[in-house]
Amino acid sequence: MSTRRTFLVAGAVTAAGVAVPGTAAAAAPDRELQRILREIDPARIEAIVRKLVSFGTRHTLSVQDDPNRGIGAARDWIFAELQRHAAASDGRMTVEQQSFIQPVSPRIPAPTRITNVIATLRGSVTPERIYVVTGHYDSRVTDVMDAVKDAPGADDDASGVAVIMELARVLATRRPESTLVFAAVAGEEQGLYGSDHMAQQYRDAGADIQGMFSNDIVGTGNAHDGTRNDPRTVRLFVEGVPTSETAAEATTRKSTGGENDGPSRQLGRFVKQVEPDGMNVRVVWRRDRYLRGSDHISFLLRGYPAARFTEPRENFNHEHQDVRVENGIQYGDLPEFCDFGYIARVARVNAAALWSLAQAPGTPKGVVIDTTRLTNDTTLRWQMGTEPDLAGYEVVWRETTAPDWQHSLSVGKVGTITVDLSKDNVFFGVRAVDSTGHRSPVAAPKPSS
Ligand SMILES: [Zn+2]
């Protein structure tokens, strides 16, 4: 393993033009991504949302053997659609129904079959590296145990299912370098049961999931409450301190910081940097909204980097409500409150993130900062990646009070570097770069000792 020793100070780097504030990894979408973004079709998304609403209810405890009503009908339709998309993939995309029996548990009064419908598009170069995107196809009304009443769930969460289905259609004909998984999960409203099972299956298999996104309530930028429409913003909720942090890791973090440098935070920074034109990803530094959660939590619990997309503001009269008119107010999660162009733009944000992740090298692993002795410079080490198009690495850093990376230094195809900056004064990270300039998410170093 080669070693390079680089002498630099922040000022000198700035003078040399290496420092790129904030958007150090920003890059124009490559041609293939531009074509992918153009193919995402609001009309198809509208058709998906309306079809899902047509099943009446998609409650997890609803009927599973009626061809027209209930969650079973929705499951079979999603499965058939994804299989149709997979047929255009030359065998790269496979579709499965991942079923299990959820035993009696909170909000599950009797053992119940729950089925995730999962389309997996195998990567062409690094198939073992996986990125997952989900929406949940179950729905609910006011009483979370009511499996009979109409529960249209247009925004929550037919919108998210439409995102993953449209992405599966458009990407099935492509050859991403890494594996992409498009999943419609169930049991979310009862307690994230579908995604919990899915994430555990991956964990048990030792799957290398380097990013996961839940699209949940991505139906509109318009809260329909008199406030201004915000049709070009989507929120991305990303935790800081990992949900899966161990006691030992907490001790280290309390000593040296890092609460703003968990793997999900780095994923959030990455998504922001590749956001497509015409859409603003408003990154929110918390795991989810007050009192709420979504399927990303199932992946966070297993130590996978994960985040949640959701619309910029919500109208709570339209979520988790019986469909009714009361005092002249329409309650219920109806398709008339969705903006299908908006959902398409959210799908494009997801496409840009997933494609950019899949084409870039993986997030560097085993990144450590040498803490074996007291020095005023900084030595970083990491495992070299094995991607055939790996070009090298960049060390990034920022003031400890800055929200995003402020400086980057290309250090070549090496596994260790010493820089003339004190580890006590800035936060460091490392990312990988390929021969066409795709950059990986940043990995923050752990102390070596
Ligand atoms: Zn939801």
# chains A, B, ... in the order shown; residues from 1 in each chain; ligands from 1
>>> residues_around(residues="Gly437 of chain A", least_positions_apart="3", cutoff="9 Å", atoms="only C-alpha atoms", output="PyMOL selection string")
chain A and resi 27+360+391+433-434
>>> closest_atom_pairs(of="chain A", to="ligand 1", cutoff="7 Å", atoms="only C-alpha atoms and all ligand atoms", output="CSV")
residue,atom,partner,partner_atom_place_in_ligand_line,distance
A:His136,CA,ligand 1,1 (Zn),6.6
A:Asp156,CA,ligand 1,1 (Zn),4.6
A:Asp157,CA,ligand 1,1 (Zn),5.2
A:Glu188,CA,ligand 1,1 (Zn),6.8
A:Glu189,CA,ligand 1,1 (Zn),6.6
A:Asp216,CA,ligand 1,1 (Zn),4.9
A:Ile217,CA,ligand 1,1 (Zn),5.9
A:Ser294,CA,ligand 1,1 (Zn),6.5
>>> residues_around(residues="Pro263 of chain A", least_positions_apart="3", cutoff="8 Å", atoms="only C-alpha atoms", output="short mmCIF file (atom, residue, chain, number, x, y, z; two decimals) with C-alpha atoms, in the first residue's frame")
data_model
loop_
_atom_site.label_atom_id
_atom_site.label_comp_id
_atom_site.auth_asym_id
_atom_site.auth_seq_id
_atom_site.Cartn_x
_atom_site.Cartn_y
_atom_site.Cartn_z
CA PRO A 242 -27.12 6.47 14.29
CA GLN A 266 -23.47 11.61 4.67
CA LEU A 267 -26.12 10.01 2.47
CA PRO A 305 -27.73 4.27 6.08
CA ALA A 443 -17.24 8.14 5.07
CA ALA A 444 -16.25 9.80 8.32
#
>>> residues_around(residues="His318 of chain A", least_positions_apart="3", cutoff="7 Å", atoms="only C-alpha atoms", output="list in words")
Asn315, Gln321, Tyr331, Gly332 and Asp333 of chain A
>>> residues_around(residues="Ala47 of chain A", least_positions_apart="5", cutoff="10 Å", atoms="only C-alpha atoms", output="compact mmCIF listing (two decimals) with all heavy atoms, in the first residue's frame")
# COMPACT_ATOMS: atom_id res chain seq x y z
N PRO A 42 -45.47 11.64 -15.51
CA PRO A 42 -46.55 11.96 -14.56
C PRO A 42 -47.86 11.24 -14.87
O PRO A 42 -48.60 10.89 -13.96
CB PRO A 42 -46.73 13.48 -14.70
CG PRO A 42 -45.50 13.99 -15.38
CD PRO A 42 -44.92 12.85 -16.16
N LEU A 52 -54.32 2.07 -7.48
CA LEU A 52 -54.18 1.62 -6.08
C LEU A 52 -55.38 2.08 -5.26
O LEU A 52 -55.89 1.32 -4.42
CB LEU A 52 -52.87 2.16 -5.50
CG LEU A 52 -51.60 1.48 -6.05
CD1 LEU A 52 -50.35 2.25 -5.64
CD2 LEU A 52 -51.50 0.03 -5.57
N VAL A 53 -55.86 3.28 -5.50
CA VAL A 53 -57.04 3.78 -4.78
C VAL A 53 -58.26 2.92 -5.12
O VAL A 53 -59.12 2.68 -4.26
CB VAL A 53 -57.29 5.27 -5.13
CG1 VAL A 53 -58.65 5.73 -4.61
CG2 VAL A 53 -56.17 6.14 -4.57
N ALA A 162 -46.09 4.60 -6.30
CA ALA A 162 -45.99 5.06 -7.70
C ALA A 162 -44.55 5.44 -8.03
O ALA A 162 -44.06 5.17 -9.13
CB ALA A 162 -46.92 6.24 -7.94
N PHE A 340 -49.68 15.05 -9.60
CA PHE A 340 -48.92 13.96 -10.20
C PHE A 340 -47.61 14.44 -10.82
O PHE A 340 -46.63 13.69 -10.90
CB PHE A 340 -49.81 13.21 -11.20
CG PHE A 340 -51.06 12.70 -10.51
CD1 PHE A 340 -52.29 13.31 -10.72
CD2 PHE A 340 -50.99 11.66 -9.60
CE1 PHE A 340 -53.44 12.88 -10.05
CE2 PHE A 340 -52.12 11.22 -8.92
CZ PHE A 340 -53.35 11.84 -9.15
>>> closest_residue(among="A:Asp225, A:Asp288, A:Glu128, A:Asp370", to="Glu314 of chain A", atoms="only C-alpha atoms")
A:Asp225
>>> closest_residue(among="A:Gln98, A:Ser356, A:Ser408, A:Thr386", to="Asp196 of chain A", atoms="only C-alpha atoms")
A:Gln98
>>> residues_around(residues="Asp90 of chain A", least_positions_apart="4", cutoff="9 Å", atoms="only C-alpha atoms", output="PyMOL selection string")
chain A and resi 86+172-173
>>> write_last_selection(atoms="N, CA, C and O atoms", output="PDB file, in the first residue's frame")
ATOM      1  N   ALA A  86     -40.028  -6.041 -15.574  1.00  0.00           N
ATOM      2  CA  ALA A  86     -38.849  -6.915 -15.538  1.00  0.00           C
ATOM      3  C   ALA A  86     -38.651  -7.631 -16.877  1.00  0.00           C
ATOM      4  O   ALA A  86     -37.521  -7.954 -17.257  1.00  0.00           O
ATOM      5  N   ALA A 172     -35.484  -0.536 -15.511  1.00  0.00           N
ATOM      6  CA  ALA A 172     -35.381  -1.954 -15.900  1.00  0.00           C
ATOM      7  C   ALA A 172     -34.591  -2.125 -17.193  1.00  0.00           C
ATOM      8  O   ALA A 172     -33.940  -3.155 -17.406  1.00  0.00           O
ATOM      9  N   THR A 173     -34.615  -1.113 -18.053  1.00  0.00           N
ATOM     10  CA  THR A 173     -33.924  -1.224 -19.337  1.00  0.00           C
ATOM     11  C   THR A 173     -32.476  -0.747 -19.252  1.00  0.00           C
ATOM     12  O   THR A 173     -31.772  -0.732 -20.258  1.00  0.00           O
TER      13      THR A 173
END
>>> select_by_dssp(residues="segment 178-413 of chain A", states="strand (DSSP E or B)", output="PyMOL selection string")
chain A and resi 178-185+208-215+233-237+280-284+306-310+324-326+329-331+368-369+378-381+390-399+407-412
>>> residues_around(residues="Asp261 of chain A", least_positions_apart="4", cutoff="12 Å", atoms="only C-alpha atoms", output="NGL selection string")
:A and (238-242 or 253 or 256-257 or 265-269 or 285 or 305 or 397-398 or 400 or 402-405 or 427-430 or 441-446)
>>> closest_residue(among="A:Ala432, A:Ser448, A:Ile343, A:Val325", to="Thr372 of chain A", atoms="only C-alpha atoms")
A:Ser448
>>> closest_residue(among="A:Tyr342, A:Val284, A:Glu326, A:Phe309", to="Glu46 of chain A", atoms="only C-alpha atoms")
A:Tyr342
>>> closest_residue(among="A:Pro152, A:Gly293, A:Gly392, A:Gly341", to="Gln190 of chain A", atoms="only C-alpha atoms")
A:Gly293
>>> closest_residue(among="A:Val396, A:Ala80, A:Val125, A:Val141", to="Gly362 of chain A", atoms="only C-alpha atoms")
A:Val125
>>> atom_distance(atom1="atom CA of Ser178 of chain A", atom2="atom CA of Arg122 of chain A")
6.9 Å
>>> select_by_dssp(residues="segment 118-187 of chain A", states="helix (DSSP H, G or I)", output="ChimeraX atom specification")
/A:154-171
>>> closest_atom_pairs(of="segment 232-345 of chain A", to="segment 180-187 of chain A", cutoff="12 Å", atoms="only C-alpha atoms", output="CSV")
residue,atom,partner,partner_atom,distance
A:Ser294,CA,A:Gly187,CA,10.8
A:Asp295,CA,A:Val185,CA,8.5
A:His296,CA,A:Val185,CA,11.4
A:Ser298,CA,A:Val185,CA,11.5
